[in-house]
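Q: start_13.cif (mmCIF, C-alpha atoms and all ligand atoms) pasted underneath:
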data_structure
#
loop_
_atom_site.label_atom_id
_atom_site.label_comp_id
_atom_site.auth_asym_id
_atom_site.auth_seq_id
_atom_site.Cartn_x
_atom_site.Cartn_y
_atom_site.Cartn_z
CA MET P 4 5.34 5.61 19.15
CA ASN P 5 4.40 8.96 20.66
CA LEU P 6 4.74 11.64 18.00
CA THR P 7 3.54 15.17 18.50
CA GLN P 8 5.99 16.88 16.19
CA LEU P 9 7.40 15.64 12.91
CA VAL P 10 9.50 17.32 10.30
CA LEU P 11 8.15 16.93 6.78
CA ALA P 12 11.05 16.19 4.43
CA SER P 13 9.53 18.11 1.54
CA HIS P 14 9.92 21.48 -0.13
CA ASN P 15 6.55 21.06 -1.84
CA ALA P 16 3.95 23.33 -0.21
CA GLY P 17 1.08 21.35 -1.77
CA LYS P 18 2.18 18.17 -0.01
CA LEU P 19 2.58 19.94 3.34
CA LYS P 20 -0.94 21.35 3.13
CA GLU P 21 -2.50 18.01 2.21
CA LEU P 22 -0.58 15.93 4.74
CA GLN P 23 -1.21 18.36 7.61
CA ALA P 24 -4.93 18.42 6.79
CA MET P 25 -5.01 14.61 6.86
CA LEU P 26 -3.10 14.36 10.15
CA GLY P 27 -5.28 16.91 11.95
CA ASP P 28 -4.25 18.59 15.19
CA SER P 29 -2.72 15.57 16.90
CA VAL P 30 0.60 15.84 15.05
CA GLN P 31 2.32 19.08 14.09
CA LEU P 32 4.19 18.90 10.79
CA ARG P 33 7.12 21.29 10.53
CA SER P 34 8.59 21.97 7.13
CA ILE P 35 12.20 21.05 6.46
CA GLY P 36 12.36 24.53 4.90
CA GLU P 37 12.60 25.92 8.46
CA PHE P 38 15.93 24.13 8.81
CA SER P 39 17.49 24.08 5.34
CA GLN P 40 16.83 25.22 1.79
CA VAL P 41 19.10 22.57 0.30
CA GLU P 42 17.17 19.76 -1.38
CA PRO P 43 18.81 16.32 -1.30
CA GLU P 44 19.48 14.69 -4.64
CA GLU P 45 16.89 11.99 -5.30
CA THR P 46 19.26 9.30 -6.47
CA GLY P 47 17.09 6.24 -5.75
CA LEU P 48 15.57 4.03 -8.42
CA SER P 49 12.27 3.64 -6.58
CA PHE P 50 9.74 5.74 -4.70
CA VAL P 51 10.68 3.79 -1.57
CA GLU P 52 14.39 4.54 -1.84
CA ASN P 53 13.81 8.23 -2.49
CA ALA P 54 11.32 8.52 0.37
CA ILE P 55 13.77 6.93 2.81
CA LEU P 56 16.64 9.07 1.54
CA LYS P 57 14.62 12.28 2.00
CA ALA P 58 13.38 11.24 5.46
CA ARG P 59 16.88 10.38 6.72
CA ASN P 60 18.25 13.66 5.39
CA ALA P 61 15.53 15.68 7.14
CA ALA P 62 15.95 13.81 10.43
CA ARG P 63 19.68 14.44 10.28
CA ILE P 64 19.27 18.16 9.64
CA SER P 65 16.44 18.80 12.12
CA GLY P 66 17.11 16.31 14.90
CA LEU P 67 13.40 15.44 14.77
CA PRO P 68 11.57 12.32 13.58
CA ALA P 69 10.93 12.82 9.88
CA LEU P 70 8.21 12.00 7.39
CA ALA P 71 8.92 12.00 3.66
CA ASP P 72 6.55 11.70 0.71
CA ASP P 73 7.89 10.47 -2.60
CA SER P 74 5.21 10.48 -5.22
CA GLY P 75 4.59 10.74 -8.92
CA LEU P 76 2.47 9.89 -11.89
CA ALA P 77 2.91 6.58 -13.75
CA VAL P 78 1.35 6.66 -17.23
CA ASP P 79 0.57 3.26 -18.81
CA PHE P 80 1.19 4.36 -22.41
CA LEU P 81 4.63 5.66 -21.37
CA GLY P 82 5.63 2.43 -19.62
CA GLY P 83 5.19 4.01 -16.18
CA ALA P 84 6.98 7.29 -16.97
CA PRO P 85 7.46 9.90 -15.66
CA GLY P 86 7.22 7.87 -12.40
CA ILE P 87 9.97 8.74 -9.93
CA TYR P 88 11.09 11.46 -12.36
CA SER P 89 7.69 13.23 -12.32
CA ALA P 90 8.98 16.41 -10.69
CA ARG P 91 11.90 16.56 -13.15
CA TYR P 92 10.00 15.45 -16.28
CA ALA P 93 10.56 18.75 -18.11
CA ASP P 94 14.10 19.19 -16.73
CA GLY P 95 13.10 21.15 -13.63
CA LYS P 96 11.08 23.79 -15.48
CA GLY P 97 8.10 23.31 -13.16
CA ASP P 98 4.50 22.06 -13.14
CA ALA P 99 3.27 23.89 -16.25
CA ALA P 100 6.16 22.60 -18.36
CA ASN P 101 5.70 19.07 -16.97
CA ASN P 102 2.02 19.13 -17.91
CA ALA P 103 2.73 20.49 -21.39
CA LYS P 104 5.32 17.78 -21.99
CA LEU P 105 2.91 15.08 -20.87
CA LEU P 106 0.13 16.34 -23.14
CA ASP P 107 2.58 16.35 -26.00
CA ALA P 108 3.74 12.78 -25.29
CA LEU P 109 0.10 11.62 -25.37
CA ARG P 110 -0.98 13.64 -28.40
CA ASP P 111 -3.54 11.65 -30.44
CA VAL P 112 -3.49 8.73 -27.96
CA PRO P 113 -7.11 7.58 -27.50
CA ASP P 114 -8.88 7.64 -24.12
CA ALA P 115 -8.74 3.86 -23.68
CA MET P 116 -4.93 4.03 -23.73
CA ARG P 117 -4.54 7.02 -21.40
CA GLY P 118 -4.68 5.11 -18.09
CA ALA P 119 -2.40 6.35 -15.31
CA GLN P 120 -1.89 6.11 -11.58
CA PHE P 121 -0.65 8.48 -8.98
CA VAL P 122 1.73 6.76 -6.57
CA CYS P 123 2.63 7.91 -3.07
CA VAL P 124 5.13 6.36 -0.68
CA LEU P 125 5.38 7.77 2.82
CA ALA P 126 8.47 6.97 4.87
CA LEU P 127 8.77 7.75 8.56
CA VAL P 128 12.07 7.52 10.40
CA ARG P 129 12.38 8.03 14.14
CA HIS P 130 15.95 9.28 13.69
CA ALA P 131 18.47 9.62 10.86
CA ASP P 132 19.88 6.09 11.17
CA ASP P 133 16.58 4.34 11.96
CA PRO P 134 17.07 0.71 10.81
CA LEU P 135 13.32 0.13 10.43
CA PRO P 136 11.59 3.00 8.60
CA ILE P 137 7.80 2.78 8.48
CA LEU P 138 6.70 2.60 4.83
CA CYS P 139 3.17 3.08 3.52
CA GLU P 140 2.01 3.32 -0.07
CA GLY P 141 -1.07 4.47 -1.89
CA LEU P 142 -2.19 4.28 -5.52
CA TRP P 143 -4.90 6.27 -7.30
CA HIS P 144 -6.09 5.12 -10.71
CA GLY P 145 -7.30 7.53 -13.35
CA ARG P 146 -6.73 8.75 -16.86
CA ILE P 147 -4.85 11.59 -18.51
CA LEU P 148 -7.10 14.28 -19.99
CA HIS P 149 -6.53 15.94 -23.37
CA ALA P 150 -6.36 19.42 -21.81
CA ALA P 151 -5.85 20.89 -18.35
CA SER P 152 -8.92 21.52 -16.23
CA GLY P 153 -9.38 22.97 -12.72
CA ASP P 154 -7.14 24.97 -10.45
CA HIS P 155 -7.07 23.24 -7.08
CA GLY P 156 -4.18 21.03 -6.00
CA PHE P 157 -0.77 21.10 -7.65
CA GLY P 158 1.46 19.30 -10.12
CA TYR P 159 -0.37 17.05 -12.56
CA ASP P 160 -3.81 17.47 -10.91
CA PRO P 161 -5.33 19.46 -13.84
CA LEU P 162 -4.55 16.55 -16.22
CA PHE P 163 -5.68 13.66 -14.01
CA TRP P 164 -9.25 12.53 -14.59
CA VAL P 165 -10.84 10.85 -11.57
CA PRO P 166 -13.27 8.19 -12.80
CA GLU P 167 -15.16 7.85 -9.50
CA ARG P 168 -16.06 11.56 -9.57
CA ASN P 169 -15.98 12.31 -13.30
CA VAL P 170 -13.83 15.44 -12.80
CA SER P 171 -10.13 16.23 -12.87
CA SER P 172 -8.36 16.03 -9.53
CA ALA P 173 -7.80 19.81 -9.77
CA GLU P 174 -11.61 20.19 -9.85
CA LEU P 175 -12.03 18.31 -6.57
CA SER P 176 -12.21 20.41 -3.43
CA PRO P 177 -9.11 19.98 -1.26
CA ALA P 178 -11.24 18.08 1.27
CA ASP P 179 -12.51 15.67 -1.41
CA LYS P 180 -9.06 15.07 -2.87
CA ASN P 181 -7.77 14.36 0.65
CA GLN P 182 -10.38 11.62 1.06
CA ILE P 183 -9.52 9.60 -2.05
CA SER P 184 -6.04 10.43 -3.34
CA HIS P 185 -2.94 8.24 -3.42
CA ARG P 186 -1.61 10.36 -0.55
CA ALA P 187 -4.82 9.86 1.45
CA ARG P 188 -4.52 6.08 1.05
CA ALA P 189 -0.90 6.05 2.16
CA MET P 190 -1.69 8.35 5.10
CA ASP P 191 -4.57 6.12 6.13
CA LEU P 192 -2.15 3.21 6.46
CA LEU P 193 0.37 5.37 8.31
CA ARG P 194 -2.23 6.54 10.82
CA GLN P 195 -3.13 2.89 11.47
CA ARG P 196 0.53 2.00 11.96
CA LEU P 197 0.97 4.87 14.42
CA GLY P 198 -2.21 4.05 16.31
CA LEU P 199 -3.72 7.42 15.43
CA LYS P 200 -7.04 5.90 14.39
O1 LIG F 1 10.69 15.91 -3.13
P1 LIG F 1 9.85 16.93 -2.42
O2 LIG F 1 10.63 18.04 -1.80
O3 LIG F 1 8.89 16.30 -1.45
O4 LIG F 1 8.88 17.66 -3.49
P2 LIG F 1 8.70 17.25 -5.04
O5 LIG F 1 7.66 18.14 -5.60
O6 LIG F 1 10.04 17.21 -5.70
O7 LIG F 1 8.10 15.80 -4.91
P3 LIG F 1 8.58 14.42 -5.58
O8 LIG F 1 10.03 14.39 -5.75
O9 LIG F 1 7.92 13.35 -4.76
O10 LIG F 1 7.90 14.46 -7.01
C1 LIG F 1 6.51 14.33 -7.09
C2 LIG F 1 6.02 14.77 -8.45
O11 LIG F 1 4.75 14.16 -8.72
C3 LIG F 1 3.74 15.14 -8.77
N1 LIG F 1 2.68 14.77 -7.83
C4 LIG F 1 2.79 14.04 -6.70
N2 LIG F 1 1.63 14.02 -6.02
C5 LIG F 1 0.77 14.75 -6.75
C6 LIG F 1 -0.56 15.12 -6.57
O12 LIG F 1 -1.25 14.79 -5.47
N3 LIG F 1 -1.14 15.88 -7.50
C7 LIG F 1 -0.45 16.26 -8.60
N4 LIG F 1 0.83 15.98 -8.84
C8 LIG F 1 1.44 15.22 -7.91
C9 LIG F 1 4.35 16.44 -8.26
O13 LIG F 1 3.85 17.55 -8.90
C10 LIG F 1 5.81 16.27 -8.56
O14 LIG F 1 6.05 16.69 -9.88
MG MG F 2 11.44 15.83 -5.14
#
Step by step, read the file and then write its structure as structure tokens.
Ligand SMILES: O=P(O)(O)OP(=O)(O)OP(=O)(O)OC[C@H]1O[C@@H](n2cnc3c(O)ncnc32)[C@H](O)[C@@H]1O
Ligand SMILES: [Mg+2]

A:
Amino acid sequence: MNLTQLVLASHNAGKLKELQAMLGDSVQLRSIGEFSQVEPEETGLSFVENAILKARNAARISGLPALADDSGLAVDFLGGAPGIYSARYADGKGDAANNAKLLDALRDVPDAMRGAQFVCVLALVRHADDPLPILCEGLWHGRILHAASGDHGFGYDPLFWVPERNVSSAELSPADKNQISHRARAMDLLRQRLGLK
């Protein structure tokens, strides 16, 4: 597939920055925000369903091939919550409220029981009705800290301790996060599928 321009089916500026950095100059990612401010309802029960739903919606609106990222944080002690509801965990009140709610839910839970993974599913559709979306996933294992630390990244990064670096993911430089994150792993697979590496 020859792709020089893709629309990114996301209103999250943090994702756009990370994904464009990973793709480099060979593919230009245009934000769906250029075409519409309306966010589709994420009605799926899985990351895969929501990624496909967002990608189809963006392809329909833009007329371009579309890439979507559905991602979230699955916390072991919470049975995988907030999972696909990560963005809406604190009822749409934003990252700070989501982080505060998570800290509260894990109050007094010991380190050994604070395991978590970031999940990322990327879905690429060539057009809105594409019967064979390309799907790639990535996981990143870590642990939930007892307090926020660091100010890079977005979302739950200040609470996610990265065992291989002994820092929070918000303390990693953007370049370092983009080497090892759930999104980096999914993008690595996507680049292979597209013959970009
Ligand atoms: O749906 P779009 O428009 O892409 O943007 P969104 O922010 O709503 O994205 P999701 O529905 O995929 O929800 C992802 C949630 O998981 C969080 N998340 C995903 N990847 C993350 C990362 O790399 N670092 C920190 N938090 C992340 C993020 O903050 C959101 O709360
Ligand atoms: Mg969303």

Q: Report as a PyMOL selection string all protein, DNA and RNA residues lying within 9 Å of range 53-68 of chain P, evaluated on all atoms listed in the file, omitting residues in the same chain fewer than 6 positions from it.

A: chain P and resi 6+8-13+35+37-39+42-47+74+87+124-133+136+138

Q: Between P:Ala90, P:Leu76, P:Leu19, P:Ile183, single out the one closest to ligand MG 2 (chain F), counting only C-alpha atoms and all ligand atoms.

A: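 That would be P:Ala90, the residue with the smallest distance to ligand MG 2 (chain F).
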
Q: Select the residues contacting ligand LIG 1 (chain F) at a distance of at most 6 Å, based on only C-alpha atoms and all ligand atoms, then format the selection as a list in words.

A: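 Using only C-alpha atoms and all ligand atoms, everything at most 6 Å from ligand LIG 1 (chain F) comes to Ser13, His14, Asn15, Asp72, Asp73, Ser74, Gly75, Leu76, Ser89, Ala90, Phe157, Gly158, Tyr159 and Asp160 of chain P.
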
Q: Counting all atoms listed in the file, which residue out of P:Gly82, P:Gly153, P:Pro134, P:Gly95 sits closest to Gly118 in chain P?

A: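 Smallest separation from Gly118 in chain P among the options: P:Gly82.
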
Q: If you measure from CA of Phe50 in chain P to CA of Ser172 in chain P, what distance in Å do you get, rounded to one decimal?

A: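 Going from CA of Phe50 in chain P over to CA of Ser172 in chain P, I get 21.4 Å.
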
Q: Name all residues at most 9 Å from Ala119 in chain P (count all atoms listed in the file; drop same-chain ones fewer than 6 positions away) and give them as a PyMOL selection string.

A: chain P and resi 76-80+83+143-147+163

Q: Quick one: distance from CA of Pro161 in chain P to CA of Gln120 in chain P in Å, one decimal?

A: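 Computing it gives 14.0 Å between the two atoms.
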
Q: Which distance in Å separates CA of Leu70 in chain P and CA of Ala100 in chain P, to one decimal?

A: 27.9 Å

Q: Can you work out which one of P:Asp28, P:Asp114, P:Asp179, P:Glu174 has the shortest atom-to-atom distance to His155 in chain P, counting only C-alpha atoms?

A: P:Glu174

Q: For a quick check of understanding, using only C-alpha atoms and all ligand atoms, which of P:Met116, P:Ala16, P:Leu199, P:Ala99 has the smallest distance to ligand MG 2 (chain F)?

A: P:Ala16

Q: Here is a test: counting all atoms listed in the file, which residue of P:Lys200, P:Lys20, P:His149, P:Lys104 is nearest to Ser171 in chain P?

A: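 The answer is P:His149, which sits nearest to Ser171 in chain P.
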
Q: Box time for range 174-188 of chain P: axis-aligned, enclosing all its listed atoms, 8 Å extra on each side; report centre and edge lengths in Å to one decimal, as lines of an AutoDock Vina configuration file.

A:
center_x = -7.1
center_y = 13.2
center_z = -4.2
size_x = 26.9
size_y = 30.3
size_z = 27.3

Q: Restricting the calculation to all atoms listed in the file: of P:Gly97, P:Gln182, P:Ala151, P:Leu197, which residue gets closest to ligand MG 2 (chain F)?

A: P:Gly97

Q: Show me as a PyMOL selection string the residues that reach within 6 Å of (-0.3, 6.4, -7.2), counting all atoms listed in the file and using the file's own coordinates.

A: chain P and resi 120-123+141-143+185
